[in-house]
Structure formats: structure tokens, C-alpha cells
file final23.txt (compact mmCIF, C-alpha atoms)
# COMPACT_ATOMS: atom_id res chain seq x y z
CA MET D 1 -38.66 5.78 14.97
CA THR D 2 -41.14 2.94 15.18
CA ASP D 3 -40.31 -0.65 14.38
CA GLU D 4 -43.69 -2.19 13.71
CA THR D 5 -43.95 -4.85 11.02
CA LEU D 6 -47.02 -6.59 9.69
CA THR D 7 -45.74 -9.82 11.23
CA GLY D 8 -45.24 -8.14 14.59
CA THR D 9 -41.54 -9.11 14.70
CA PRO D 10 -39.17 -6.36 13.56
CA PRO D 11 -35.82 -7.40 12.12
CA PRO D 12 -32.93 -6.75 14.52
CA VAL D 13 -30.86 -3.57 14.13
CA ARG D 14 -27.64 -4.67 12.49
CA GLN D 15 -24.41 -2.75 13.20
CA TRP D 16 -22.58 -2.05 9.94
CA PRO D 17 -19.02 -1.00 10.88
CA VAL D 18 -17.92 -0.48 7.22
CA THR D 19 -14.25 -1.41 7.18
CA ASP D 20 -11.85 -0.76 4.29
CA LEU D 21 -12.24 -3.73 1.95
CA ALA D 22 -9.53 -5.32 -0.15
CA GLY D 23 -9.63 -5.00 -3.92
CA THR D 24 -13.05 -5.47 -5.45
CA ASP D 25 -14.30 -7.77 -2.68
CA PHE D 26 -18.03 -7.50 -2.09
CA ASP D 27 -18.94 -6.30 1.41
CA PRO D 28 -19.55 -9.44 3.55
CA VAL D 29 -21.93 -7.54 5.86
CA LEU D 30 -24.05 -6.52 2.87
CA THR D 31 -24.07 -10.16 1.72
CA GLU D 32 -25.38 -11.21 5.14
CA LEU D 33 -28.02 -8.48 5.10
CA MET D 34 -29.17 -9.61 1.64
CA ASN D 35 -29.43 -13.19 2.90
CA GLU D 36 -31.36 -12.15 6.00
CA GLY D 37 -34.23 -10.73 4.00
CA PRO D 38 -35.33 -8.05 1.52
CA VAL D 39 -35.89 -5.40 4.23
CA SER D 40 -33.59 -5.12 7.24
CA ARG D 41 -32.52 -2.50 9.79
CA ILE D 42 -29.02 -1.04 10.01
CA GLN D 43 -26.94 1.32 12.11
CA LEU D 44 -23.97 2.97 10.39
CA PRO D 45 -20.87 4.48 12.09
CA ASN D 46 -22.15 8.09 12.19
CA GLY D 47 -25.38 10.00 12.71
CA GLU D 48 -28.16 8.84 15.00
CA GLY D 49 -30.63 5.99 15.34
CA TRP D 50 -31.23 3.22 12.81
CA ALA D 51 -32.60 3.04 9.28
CA TRP D 52 -34.33 0.55 7.04
CA LEU D 53 -32.26 -1.06 4.27
CA VAL D 54 -33.88 -2.34 1.07
CA THR D 55 -31.70 -4.71 -0.96
CA GLY D 56 -33.70 -6.51 -3.69
CA TYR D 57 -33.67 -5.26 -7.28
CA ASP D 58 -37.43 -4.69 -7.71
CA ASP D 59 -37.81 -3.12 -4.27
CA VAL D 60 -34.81 -0.81 -4.82
CA ARG D 61 -36.34 0.42 -8.08
CA MET D 62 -39.69 0.90 -6.39
CA VAL D 63 -38.31 2.99 -3.51
CA THR D 64 -36.15 5.19 -5.75
CA ASN D 65 -39.08 5.93 -8.06
CA ASP D 66 -41.83 6.33 -5.44
CA PRO D 67 -42.82 9.87 -4.34
CA ARG D 68 -43.75 8.49 -0.91
CA PHE D 69 -39.99 8.43 -0.18
CA GLY D 70 -38.41 11.91 -0.16
CA ARG D 71 -34.90 13.30 -0.01
CA GLU D 72 -35.71 16.84 1.14
CA ALA D 73 -36.87 15.67 4.57
CA VAL D 74 -33.36 14.26 5.25
CA MET D 75 -32.11 17.84 5.69
CA ASP D 76 -33.80 18.15 9.08
CA LYS D 77 -32.75 14.77 10.53
CA GLN D 78 -29.57 13.30 11.97
CA VAL D 79 -30.00 9.98 10.17
CA THR D 80 -27.53 7.13 10.78
CA ARG D 81 -24.96 7.42 7.98
CA LEU D 82 -21.52 6.46 6.73
CA ALA D 83 -20.11 9.96 6.17
CA PRO D 84 -18.63 11.58 9.29
CA HIS D 85 -19.65 15.04 8.05
CA PHE D 86 -23.12 15.81 6.76
CA ILE D 87 -22.88 19.14 4.93
CA PRO D 88 -25.64 19.31 2.32
CA ASP D 89 -26.70 22.71 1.05
CA ARG D 90 -30.39 23.55 1.09
CA GLY D 91 -31.60 23.49 -2.47
CA ALA D 92 -28.88 21.04 -3.58
CA VAL D 93 -30.29 18.77 -6.28
CA GLY D 94 -29.48 15.60 -4.32
CA PHE D 95 -31.82 16.77 -1.54
CA LEU D 96 -34.70 18.00 -3.67
CA ASP D 97 -37.92 16.23 -4.59
CA PRO D 98 -40.04 16.83 -7.70
CA PRO D 99 -41.14 19.31 -8.99
CA ASP D 100 -38.12 21.39 -7.86
CA HIS D 101 -35.77 18.51 -8.57
CA THR D 102 -37.23 18.10 -12.08
CA ARG D 103 -36.92 21.83 -12.79
CA LEU D 104 -33.27 21.90 -11.75
CA ARG D 105 -32.29 18.77 -13.68
CA ARG D 106 -34.04 20.10 -16.79
CA SER D 107 -31.69 23.12 -16.88
CA VAL D 108 -28.65 20.96 -17.77
CA ALA D 109 -30.36 17.99 -19.43
CA ALA D 110 -29.16 18.97 -22.92
CA ALA D 111 -25.49 18.53 -21.93
CA PHE D 112 -26.06 14.93 -20.78
CA THR D 113 -28.18 13.61 -23.65
CA ALA D 114 -26.60 11.33 -26.24
CA LYS D 115 -26.11 14.39 -28.49
CA GLY D 116 -24.62 16.46 -25.66
CA VAL D 117 -22.18 13.72 -24.68
CA GLU D 118 -21.22 13.12 -28.32
CA ARG D 119 -20.23 16.79 -28.45
CA VAL D 120 -17.19 15.96 -26.29
CA ARG D 121 -16.41 12.46 -27.66
CA GLU D 122 -13.78 13.45 -30.20
CA ARG D 123 -12.09 15.95 -27.90
CA SER D 124 -12.13 13.33 -25.12
CA ARG D 125 -10.51 10.72 -27.35
CA ILE D 126 -7.78 13.17 -28.34
CA MET D 127 -7.08 14.07 -24.68
CA LEU D 128 -6.94 10.36 -23.77
CA GLU D 129 -4.60 9.48 -26.63
CA GLU D 130 -2.28 12.30 -25.56
CA LEU D 131 -2.17 10.87 -22.02
CA VAL D 132 -1.48 7.35 -23.32
CA ASP D 133 1.25 8.68 -25.65
CA GLU D 134 2.92 10.29 -22.61
CA LEU D 135 2.57 7.01 -20.69
CA LEU D 136 4.32 5.10 -23.50
CA GLN D 137 7.04 7.74 -23.91
CA ASP D 138 7.87 7.70 -20.19
CA GLY D 139 8.09 3.91 -20.33
CA PRO D 140 7.29 1.25 -17.76
CA PRO D 141 6.65 0.79 -14.93
CA ALA D 142 3.92 3.39 -14.37
CA ASP D 143 1.00 4.21 -12.13
CA LEU D 144 -2.01 3.93 -14.45
CA THR D 145 -4.16 5.89 -12.00
CA ARG D 146 -1.84 8.90 -11.87
CA ALA D 147 -0.92 8.80 -15.57
CA VAL D 148 -4.35 8.18 -17.13
CA LEU D 149 -7.29 7.18 -14.95
CA SER D 150 -7.21 10.32 -12.79
CA PRO D 151 -6.38 13.11 -15.28
CA PHE D 152 -8.69 11.77 -18.02
CA PRO D 153 -12.07 12.04 -16.19
CA ILE D 154 -11.03 15.44 -14.77
CA ALA D 155 -10.27 16.70 -18.29
CA VAL D 156 -13.56 15.32 -19.65
CA ILE D 157 -15.85 16.68 -16.93
CA CYS D 158 -14.10 20.07 -17.10
CA GLU D 159 -14.59 20.04 -20.89
CA LEU D 160 -18.30 19.29 -20.47
CA MET D 161 -18.70 21.82 -17.65
CA GLY D 162 -16.87 24.58 -19.51
CA VAL D 163 -14.07 24.84 -16.92
CA PRO D 164 -10.81 26.10 -18.53
CA ALA D 165 -7.94 23.61 -18.69
CA ALA D 166 -5.83 25.87 -16.44
CA ASP D 167 -8.29 25.34 -13.57
CA ARG D 168 -8.49 21.53 -13.71
CA HIS D 169 -5.90 21.05 -10.97
CA SER D 170 -7.85 23.23 -8.52
CA MET D 171 -11.05 21.32 -9.32
CA HIS D 172 -9.32 18.02 -8.62
CA ASP D 173 -7.86 19.23 -5.30
CA TRP D 174 -11.23 20.55 -4.10
CA THR D 175 -12.99 17.35 -5.11
CA GLN D 176 -10.53 15.15 -3.23
CA LEU D 177 -10.93 17.23 -0.05
CA ILE D 178 -14.73 17.17 -0.30
CA LEU D 179 -14.90 13.40 -0.86
CA SER D 180 -12.34 12.35 1.76
CA SER D 181 -13.25 11.71 5.36
CA ALA D 182 -9.62 11.90 6.47
CA HIS D 183 -9.17 15.69 6.68
CA GLY D 184 -12.03 16.70 8.96
CA LYS D 185 -15.28 18.58 8.48
CA GLU D 186 -13.77 22.09 8.34
CA VAL D 187 -11.40 21.19 5.48
CA SER D 188 -14.24 19.59 3.50
CA GLU D 189 -16.52 22.57 4.05
CA ARG D 190 -13.81 25.06 3.05
CA ALA D 191 -13.12 23.15 -0.18
CA LYS D 192 -16.83 23.12 -0.96
CA ARG D 193 -17.08 26.89 -0.33
CA GLU D 194 -14.08 27.54 -2.60
CA MET D 195 -15.49 25.42 -5.42
CA SER D 196 -18.88 27.12 -4.99
CA ALA D 197 -17.24 30.57 -5.19
CA TYR D 198 -15.46 29.51 -8.39
CA PHE D 199 -18.71 28.41 -10.06
CA THR D 200 -20.49 31.53 -8.80
CA ASP D 201 -17.96 33.56 -10.80
CA LEU D 202 -18.14 31.30 -13.84
CA ILE D 203 -21.95 31.11 -13.98
CA GLY D 204 -23.03 34.38 -12.42
CA HIS D 205 -20.60 36.96 -13.72
CA GLY D 206 -21.10 36.56 -17.43
CA VAL D 207 -18.24 34.11 -17.97
CA HIS D 208 -20.58 31.57 -19.51
CA GLY D 209 -18.12 29.06 -20.95
CA PRO D 210 -18.30 27.40 -24.39
CA GLU D 211 -21.70 27.06 -26.05
CA GLY D 212 -23.42 23.84 -25.02
CA SER D 213 -21.32 23.48 -21.85
CA VAL D 214 -23.03 22.90 -18.51
CA CYS D 215 -22.00 26.33 -17.23
CA SER D 216 -23.41 28.05 -20.31
CA LEU D 217 -26.71 26.17 -19.87
CA LEU D 218 -26.82 27.09 -16.18
CA SER D 219 -26.05 30.73 -16.97
CA ALA D 220 -28.90 30.81 -19.48
CA ALA D 221 -31.27 29.19 -16.98
CA VAL D 222 -30.33 31.76 -14.31
CA ASP D 223 -30.70 34.62 -16.80
CA GLY D 224 -34.13 33.28 -17.75
CA ASP D 225 -35.23 33.06 -14.10
CA GLU D 226 -35.76 29.30 -14.44
CA ILE D 227 -33.40 28.57 -11.53
CA THR D 228 -31.58 30.70 -8.97
CA LEU D 229 -27.83 31.28 -8.99
CA VAL D 230 -27.55 29.36 -5.69
CA GLU D 231 -29.32 26.37 -7.26
CA ALA D 232 -27.12 26.58 -10.36
CA VAL D 233 -23.91 26.64 -8.32
CA GLY D 234 -25.05 23.72 -6.15
CA LEU D 235 -25.78 21.66 -9.24
CA ALA D 236 -22.45 22.58 -10.85
CA VAL D 237 -20.55 21.48 -7.71
CA LEU D 238 -22.42 18.15 -7.62
CA LEU D 239 -21.78 17.44 -11.32
CA GLN D 240 -18.10 18.41 -11.09
CA ILE D 241 -17.52 16.14 -8.08
CA GLY D 242 -19.50 13.32 -9.66
CA GLY D 243 -17.36 13.51 -12.78
CA GLU D 244 -14.35 12.21 -10.85
CA ALA D 245 -16.18 9.05 -9.77
CA VAL D 246 -15.06 7.61 -13.11
CA THR D 247 -11.48 7.52 -11.78
CA ASN D 248 -12.49 5.02 -9.12
CA ASN D 249 -14.88 3.05 -11.32
CA SER D 250 -12.35 2.74 -14.13
CA GLY D 251 -9.64 1.90 -11.58
CA GLN D 252 -11.73 -1.02 -10.35
CA MET D 253 -12.59 -1.97 -13.95
CA PHE D 254 -8.94 -2.17 -14.97
CA TYR D 255 -7.99 -3.92 -11.73
CA LEU D 256 -10.54 -6.61 -12.65
CA LEU D 257 -9.18 -6.87 -16.20
CA LEU D 258 -5.53 -6.88 -15.11
CA THR D 259 -6.18 -9.64 -12.56
CA ARG D 260 -8.09 -11.69 -15.15
CA PRO D 261 -5.69 -11.86 -18.15
CA GLU D 262 -7.99 -14.22 -20.07
CA LEU D 263 -10.83 -11.70 -19.82
CA MET D 264 -8.55 -8.86 -20.90
CA GLU D 265 -7.33 -10.90 -23.86
CA ARG D 266 -10.89 -11.63 -24.93
CA LEU D 267 -11.76 -7.92 -24.91
CA ARG D 268 -8.55 -7.14 -26.76
CA SER D 269 -9.30 -9.63 -29.55
CA ASP D 270 -13.08 -9.18 -29.74
CA ARG D 271 -14.05 -5.52 -30.06
CA GLU D 272 -17.72 -6.42 -30.58
CA ILE D 273 -18.05 -7.76 -27.05
CA ARG D 274 -16.66 -4.63 -25.37
CA PRO D 275 -19.94 -2.69 -24.85
CA LYS D 276 -21.57 -5.71 -23.17
CA ALA D 277 -18.43 -6.36 -21.13
CA ILE D 278 -18.35 -2.76 -19.88
CA ASP D 279 -21.98 -3.01 -18.76
CA GLU D 280 -21.21 -6.26 -16.96
CA LEU D 281 -18.18 -4.76 -15.22
CA LEU D 282 -20.27 -1.73 -14.18
CA ARG D 283 -22.85 -4.13 -12.71
CA TYR D 284 -20.19 -6.15 -10.87
CA ILE D 285 -17.99 -3.36 -9.48
CA PRO D 286 -18.70 -2.46 -5.82
CA HIS D 287 -18.31 1.23 -6.57
CA ARG D 288 -18.94 2.57 -3.08
CA ASN D 289 -18.66 1.67 0.58
CA ALA D 290 -21.95 0.83 2.34
CA VAL D 291 -24.84 3.01 1.09
CA GLY D 292 -25.30 6.54 -0.27
CA LEU D 293 -27.96 9.09 0.65
CA SER D 294 -31.04 8.05 2.59
CA ARG D 295 -34.68 8.89 1.97
CA ILE D 296 -37.45 9.56 4.45
CA ALA D 297 -40.82 7.81 4.24
CA LEU D 298 -43.41 10.59 3.86
CA GLU D 299 -46.29 8.23 4.75
CA ASP D 300 -46.70 4.65 5.93
CA VAL D 301 -45.54 2.19 3.25
CA GLU D 302 -45.48 -1.59 3.20
CA ILE D 303 -42.55 -3.41 1.57
CA ARG D 304 -42.42 -7.21 1.61
CA GLY D 305 -44.59 -7.49 4.69
CA VAL D 306 -42.70 -4.78 6.60
CA ARG D 307 -44.53 -1.60 7.55
CA ILE D 308 -42.26 1.42 7.20
CA ARG D 309 -43.74 4.33 9.12
CA ALA D 310 -43.89 7.96 8.03
CA GLY D 311 -40.69 9.66 9.22
CA ASP D 312 -38.54 6.52 9.09
CA ALA D 313 -35.21 6.72 7.26
CA VAL D 314 -34.77 4.29 4.37
CA TYR D 315 -31.61 3.31 2.49
CA ILE D 316 -31.42 1.30 -0.71
CA SER D 317 -28.38 -0.53 -2.04
CA TYR D 318 -27.68 -0.43 -5.77
CA LEU D 319 -24.79 -2.83 -5.10
CA SER D 320 -27.10 -5.50 -3.71
CA ALA D 321 -29.69 -4.85 -6.45
CA ASN D 322 -26.98 -5.56 -9.03
CA ARG D 323 -26.33 -8.94 -7.34
CA ASP D 324 -29.98 -10.01 -7.11
CA PRO D 325 -30.03 -13.63 -8.39
CA GLU D 326 -33.66 -13.25 -9.46
CA VAL D 327 -32.55 -10.71 -12.07
CA PHE D 328 -28.90 -11.64 -12.65
CA PRO D 329 -28.36 -15.43 -12.68
CA ASP D 330 -25.05 -16.41 -11.08
CA PRO D 331 -24.58 -12.76 -9.99
CA ASP D 332 -21.10 -13.17 -8.49
CA THR D 333 -19.67 -14.25 -11.84
CA ILE D 334 -18.48 -11.78 -14.48
CA ASP D 335 -20.34 -12.86 -17.63
CA VAL D 336 -19.51 -10.59 -20.57
CA GLU D 337 -22.26 -12.26 -22.62
CA ARG D 338 -24.92 -11.37 -20.03
CA SER D 339 -28.08 -10.23 -21.78
CA PRO D 340 -30.26 -8.55 -20.83
CA ASN D 341 -28.27 -6.62 -18.24
CA PRO D 342 -30.60 -4.05 -16.63
CA HIS D 343 -28.06 -3.02 -13.97
CA VAL D 344 -28.62 0.02 -11.77
CA ALA D 345 -24.97 1.09 -11.46
CA PHE D 346 -26.01 4.66 -12.30
CA GLY D 347 -29.07 4.60 -10.06
CA PHE D 348 -32.75 4.68 -10.93
CA GLY D 349 -35.71 7.05 -10.77
CA PRO D 350 -35.56 10.85 -10.55
CA HIS D 351 -32.08 10.80 -8.94
CA TYR D 352 -30.58 8.62 -11.70
CA CYS D 353 -27.00 9.81 -12.25
CA PRO D 354 -27.12 12.53 -14.93
CA GLY D 355 -23.57 11.65 -15.95
CA GLY D 356 -24.33 7.99 -16.67
CA MET D 357 -23.97 8.35 -20.45
CA LEU D 358 -20.78 10.37 -20.02
CA ALA D 359 -19.29 7.76 -17.67
CA ARG D 360 -20.12 4.99 -20.15
CA LEU D 361 -18.48 7.01 -22.96
CA GLU D 362 -15.32 7.41 -20.86
CA SER D 363 -15.26 3.70 -20.01
CA GLU D 364 -15.59 2.80 -23.70
CA LEU D 365 -12.76 5.14 -24.68
CA LEU D 366 -10.48 3.90 -21.89
CA VAL D 367 -11.00 0.24 -22.82
CA ASP D 368 -10.56 0.91 -26.55
CA VAL D 369 -7.46 3.09 -26.30
CA LEU D 370 -5.61 1.22 -23.54
CA LEU D 371 -6.29 -2.27 -24.91
CA ASP D 372 -5.50 -1.32 -28.51
CA GLN D 373 -2.49 0.93 -27.91
CA VAL D 374 -0.81 -0.77 -24.93
CA PRO D 375 -1.02 -4.44 -25.97
CA GLY D 376 1.26 -5.83 -23.25
CA LEU D 377 -0.42 -4.03 -20.35
CA LYS D 378 -0.20 -6.00 -17.08
CA LEU D 379 0.13 -5.46 -13.35
CA ALA D 380 3.64 -4.62 -12.14
CA VAL D 381 2.95 -6.02 -8.64
CA PRO D 382 0.96 -8.98 -7.28
CA PRO D 383 -2.80 -8.21 -7.11
CA GLU D 384 -2.81 -8.15 -3.32
CA GLU D 385 -0.17 -5.38 -3.32
CA VAL D 386 -2.34 -2.91 -5.26
CA PRO D 387 -3.28 -0.26 -2.65
CA PHE D 388 -6.97 0.66 -2.41
CA ARG D 389 -8.29 3.92 -0.97
CA LYS D 390 -8.89 3.95 2.77
CA GLY D 391 -11.57 5.94 4.57
CA ALA D 392 -13.22 6.89 1.28
CA LEU D 393 -16.93 6.90 0.46
CA ILE D 394 -16.19 5.81 -3.13
CA ARG D 395 -14.04 2.70 -3.59
CA GLY D 396 -11.12 2.39 -5.97
CA PRO D 397 -7.36 1.79 -6.21
CA GLU D 398 -5.16 4.54 -4.86
CA SER D 399 -2.63 3.58 -7.50
CA LEU D 400 -2.49 0.91 -10.17
CA PRO D 401 1.14 -0.10 -10.83
CA VAL D 402 1.45 -1.46 -14.38
CA THR D 403 4.07 -2.46 -16.91
CA TRP D 404 3.99 -3.58 -20.55
call {"tool": "encode", "arguments": {"input": "final23.txt", "output": "C-alpha cells"}}
result
Amino acid sequence: MTDETLTGTPPPVRQWPVTDLAGTDFDPVLTELMNEGPVSRIQLPNGEGWAWLVTGYDDVRMVTNDPRFGREAVMDKQVTRLAPHFIPDRGAVGFLDPPDHTRLRRSVAAAFTAKGVERVRERSRIMLEELVDELLQDGPPADLTRAVLSPFPIAVICELMGVPAADRHSMHDWTQLILSSAHGKEVSERAKREMSAYFTDLIGHGVHGPEGSVCSLLSAAVDGDEITLVEAVGLAVLLQIGGEAVTNNSGQMFYLLLTRPELMERLRSDREIRPKAIDELLRYIPHRNAVGLSRIALEDVEIRGVRIRAGDAVYISYLSANRDPEVFPDPDTIDVERSPNPHVAFGFGPHYCPGGMLARLESELLVDVLLDQVPGLKLAVPPEEVPFRKGALIRGPESLPVTW
């Protein structure tokens, strides 16, 4: 990699050790990188070399929406990264560029439109109310993560995917093994192979799932020669895994509400403010450790006076973009009246999270049902005793002890 800048002085390569952070604390290293300038250089715990990091809101949106930065080229490089194992499949949607990326996303787009998501709203509410009824019947104290925040997103994504209820447990186990760095590369790869084999059966062997489900759409796209079975399975795996991110996001959301009783009370008494509040919490939550997938510059590009050379690896941070004071005044404060709130919690550009509308639906249902039906909900332990996941790429509480 080169390190030429238009000023002639490249920023230093900053080591980013990425330690397990407490609660919803914002990463102090990321704060320092943001303060050092809009474009910096980082080295993460795994992989090789260094990479550029872009932190400002406008620049993040530019990079994610600019065809001069590609994902496919990452496949052939050992880029510095957070994840100890790098096991992408060729043809996986996360590592495709348009037009292949567009073609693959189009095959399931109908399931993730407002109409597609509404298709599962009523069933999702019923499943959530059943979980909350069980929570109330069992009585306090309880682990909100185990009782509600984990099983609910699994049930919803399986409903949308067309995965039978009997197979939800297997999906959850595979997802946890794929997302954890604690079990080793072989365990993660085996779990991914097993989930892929499952979806190969579901999509490729005529078991198409309910009409309108993701698997039925993928089956139809394969049958129509729009996408290959391998592409369909890769996309199904990605969507299934992504569906469980809501567990961590909602865990952080409720941790914030439970540690701010006045905020929780406001949402309980003022239903009208809830949609804005959910958007603000999504903006504020540090939903992941460090950064996600990198891109490779496909030609020389200048950003803020820094020349990024063709072949250089580039990371963006949606977390830092959501704390850009130029776009979000007083960004470290939770302001439920914030408007406008153009946060990028679900990404931006071609790789925008397809499940963004579904995740928002789940957040709305969780806030409505838990605040309305469990009026005395509060933490059962001091905030500092709530255990957060360790060694995980996605941040969130391991358990959320509550009482009422």
C-alpha cells in the first residue's frame, strides 16, 4: 500500500486493539480517530497491513455510494480486520458490486418493502405478546434477553424467511457459532456449511416455503434463471444471520431505557414520541465493535485532501457518522425530539441493510408491547452488573436481568 497524501504528510497508522467495552459506552479509540481528522489510518487485531478509515457523515455516505470503492476486490486480499476468521463465500451478496449485487438484491426485494414487512406485522405482534404473557406468568425476576429479546427476532426472521417454527432453534445455534469469535474458525465454518445445506434443501428441492416468504422468492428466482442456487443460498444465510442483530440492538435499546427511567416514563406516557425516540436510539446505539467490512479503492480517489490509491483498503464507520456534530448537534445526547434524524444505523448505498424496515418494525413492537404491558419494568441489578457480550463483533447485553 502507498501512503501518499496531497499534503505530503500521511496520517500515522493507529493501532486499534478493540477491547470489550462496558455497556453502551462509545469506543474511546474511535472518538480519538474522529478528533484526529476525517481520514485516518488504522491497524486492527487481525489480517495484514493497514487501512484507511473514513469517519465523517458526508464522506461515509460518499464512499458507500461510490462505484470507485468495491467490495468484490476484498476477496483476494488479507486486509487488516477485526474478525479472526475471514470466511466469505465467492458470490456472497456482501462481497458483490453492481450489477451482480443489484441483481441478487432484486430477487428478495419484495419481502423487505413496506408491504412485505407489513405481511408479518400481525403475526409478529401475536408471537411477541405470547412471549410477554409467558414472561408475566413466570413472574419476576427474569432475563429479558432470554425470555423476549432473543426468541422474538428469531421467530420474526424465520417467519419472513419461510423457515418452519420447528427449525428456529437450529437457526439460532448456527447463527451464534458463525458470529462468535470464541469457538475458532473450524466451528464457524462448519456452522455456516450446515446452515447453507439447510437452505439448499429449502430453496433448491421444491420446499419453497409460504407464498411471499424470502425462500419462496429465492426459489422462484432460481427457477427463472435470474440467480444461481449458490447465490440464493448465500443470500439466505446472510439474511438469516442479520435477522438476529435485532437481539443485540434491542438489548442495547432497553438497557438505555432501563438505565434512564425518566426517558422510559416519557415513552410510556407519550406514544406519539415513540417512532422518533426509536430512530434516536438507533442513531445513538454503538451496535458493533470497531468497523465492519472493508472496501478496496478501484482507482485513485481524493477525500478531504488525502489521496487514496487504487488497491488501498478503506473502512467507513457508521457509528462515527451517527455522531457527526455537523449533522447531529450535541451528538452524544439522546434527544427524542431530534428532527431531522438522517442516521445511517442501517447503512447507506447499495449495501444498505435490506432488513432495516423489518428491524424498525420489531423495535416498534418491542417498545409498544413491553412498555404498555409490563408497566413496572426495571433493572433487577445495578447497571454496571449487566453483563455484555465479550469477543463479539456485534455488541449487546448477554443477559438483561429485570423485575417489575
call {"tool": "residues_around", "arguments": {"input": "final23.txt", "residues": "stretch 196-205 of chain D", "least_positions_apart": "2", "cutoff": "7 Å", "atoms": "only C-alpha atoms", "output": "MDAnalysis selection string"}}
result
chainID D and resid 192:194 207:208 215 218:219 229 233 236:237
call {"tool": "residues_around", "arguments": {"input": "final23.txt", "residues": "D:Glu231", "least_positions_apart": "3", "cutoff": "7 Å", "atoms": "all atoms listed in the file", "output": "JSON, numbers by chain"}}
result
{"D": [91, 92, 227, 228, 234, 235]}
call {"tool": "closest_residue", "arguments": {"input": "final23.txt", "among": "D:Tyr315, D:Phe348, D:Trp404, D:Phe26", "to": "D:Gln43", "atoms": "all atoms listed in the file"}}
result
D:Tyr315
call {"tool": "closest_residue", "arguments": {"input": "final23.txt", "among": "D:Gly396, D:Gly116, D:Pro164, D:Pro382", "to": "D:Pro286", "atoms": "all atoms listed in the file"}}
result
D:Gly396
call {"tool": "residues_around", "arguments": {"input": "final23.txt", "residues": "D:Leu44", "least_positions_apart": "6", "cutoff": "12 Å", "atoms": "all atoms listed in the file", "output": "number ranges by chain"}}
result
D: 13-19, 29, 50-53, 78-84, 289-292, 294, 315
call {"tool": "closest_residue", "arguments": {"input": "final23.txt", "among": "D:Val54, D:Ala277, D:Leu33, D:Leu135", "to": "D:Glu364", "atoms": "all atoms listed in the file"}}
result
D:Ala277
call {"tool": "residues_around", "arguments": {"input": "final23.txt", "residues": "D:Phe346", "least_positions_apart": "4", "cutoff": "10 Å", "atoms": "only C-alpha atoms", "output": "ChimeraX atom specification"}}
result
/D:282-283,318,351-357,359-360
call {"tool": "residues_around", "arguments": {"input": "final23.txt", "residues": "D:Gln252", "least_positions_apart": "5", "cutoff": "9 Å", "atoms": "all atoms listed in the file", "output": "PyMOL selection string"}}
result
chain D and resi 23-24+247+257+281+285-287+395-397
call {"tool": "atom_distance", "arguments": {"input": "final23.txt", "atom1": "atom CA of D:Val132", "atom2": "atom CA of D:Val246"}}
result
17.0 Å
call {"tool": "residues_near_point", "arguments": {"input": "final23.txt", "point": "(4.3, -5.9, -19.4)", "cutoff": "6 Å", "atoms": "only C-alpha atoms", "output": "list in words"}}
result
Gly376, Leu377, Lys378, Thr403 and Trp404 of chain D
call {"tool": "closest_residue", "arguments": {"input": "final23.txt", "among": "D:Arg61, D:Arg274, D:Arg288, D:Arg307", "to": "D:Gly347", "atoms": "only C-alpha atoms"}}
result
D:Arg61
call {"tool": "closest_residue", "arguments": {"input": "final23.txt", "among": "D:Leu239, D:Val214, D:Val163, D:Leu258", "to": "D:Val386", "atoms": "only C-alpha atoms"}}
result
D:Leu258
call {"tool": "atom_distance", "arguments": {"input": "final23.txt", "atom1": "atom CA of D:Val120", "atom2": "atom CA of D:Ser216"}}
result
14.9 Å
call {"tool": "closest_residue", "arguments": {"input": "final23.txt", "among": "D:Asp330, D:Ala310, D:Glu337, D:Ala297", "to": "D:Leu263", "atoms": "all atoms listed in the file"}}
result
D:Glu337
call {"tool": "axis_aligned_box", "arguments": {"input": "final23.txt", "around": "stretch 340-354 of chain D", "padding_each_side": "8 Å", "output": "JSON"}}
result
{"center_x": -30.3, "center_y": 2.0, "center_z": -14.9, "size_x": 26.7, "size_y": 37.1, "size_z": 27.9}
call {"tool": "closest_atom_pairs", "arguments": {"input": "final23.txt", "of": "stretch 242-352 of chain D", "to": "stretch 69-76 of chain D", "cutoff": "6 Å", "atoms": "only C-alpha atoms", "output": "Markdown table"}}
result
| residue | atom | partner | partner_atom | distance |
| --- | --- | --- | --- | --- |
| D:Arg295 | CA | D:Arg71 | CA | 4.8 |
| D:Ile296 | CA | D:Gly70 | CA | 5.3 |
| D:Ala297 | CA | D:Phe69 | CA | 4.5 |
| D:Leu298 | CA | D:Phe69 | CA | 5.7 |
call {"tool": "atom_distance", "arguments": {"input": "final23.txt", "atom1": "atom CA of D:Leu293", "atom2": "atom CA of D:Tyr255"}}
result
26.9 Å
call {"tool": "decode", "arguments": {"input": "final23.txt", "residues": "stretch 104-145 of chain D", "atoms": "C-alpha atoms", "output": "compact mmCIF listing (two decimals), in the first residue's frame"}}
result
# COMPACT_ATOMS: atom_id res chain seq x y z
CA LEU D 104 -29.18 -10.54 -6.34
CA ARG D 105 -30.82 -7.96 -4.06
CA ARG D 106 -33.69 -7.56 -6.53
CA SER D 107 -34.64 -11.24 -6.11
CA VAL D 108 -35.80 -10.72 -2.50
CA ALA D 109 -36.68 -7.01 -2.57
CA ALA D 110 -40.44 -7.68 -2.39
CA ALA D 111 -40.12 -9.32 1.05
CA PHE D 112 -38.40 -6.25 2.54
CA THR D 113 -40.62 -3.48 1.16
CA ALA D 114 -43.13 -1.78 3.42
CA LYS D 115 -45.82 -4.12 2.04
CA GLY D 116 -43.63 -7.20 2.51
CA VAL D 117 -42.78 -6.30 6.09
CA GLU D 118 -46.42 -5.48 6.88
CA ARG D 119 -47.23 -9.05 5.80
CA VAL D 120 -45.60 -10.30 9.02
CA ARG D 121 -46.61 -7.43 11.36
CA GLU D 122 -49.73 -9.02 12.84
CA ARG D 123 -48.15 -12.45 13.21
CA SER D 124 -45.08 -10.81 14.79
CA ARG D 125 -47.21 -8.93 17.31
CA ILE D 126 -49.03 -12.12 18.26
CA MET D 127 -45.72 -14.01 18.75
CA LEU D 128 -44.36 -11.14 20.88
CA GLU D 129 -47.47 -10.93 23.04
CA GLU D 130 -47.26 -14.68 23.66
CA LEU D 131 -43.65 -14.28 24.83
CA VAL D 132 -44.57 -11.38 27.12
CA ASP D 133 -47.53 -13.34 28.52
CA GLU D 134 -45.12 -16.17 29.40
CA LEU D 135 -42.75 -13.64 30.99
CA LEU D 136 -45.55 -12.28 33.19
CA GLN D 137 -46.83 -15.76 34.10
CA ASP D 138 -43.37 -16.93 35.18
CA GLY D 139 -43.04 -13.80 37.32
CA PRO D 140 -40.02 -11.72 38.27
CA PRO D 141 -37.09 -11.63 38.23
CA ALA D 142 -36.37 -12.60 34.62
CA ASP D 143 -33.74 -12.34 31.92
CA LEU D 144 -35.38 -10.12 29.29
CA THR D 145 -32.85 -11.25 26.68
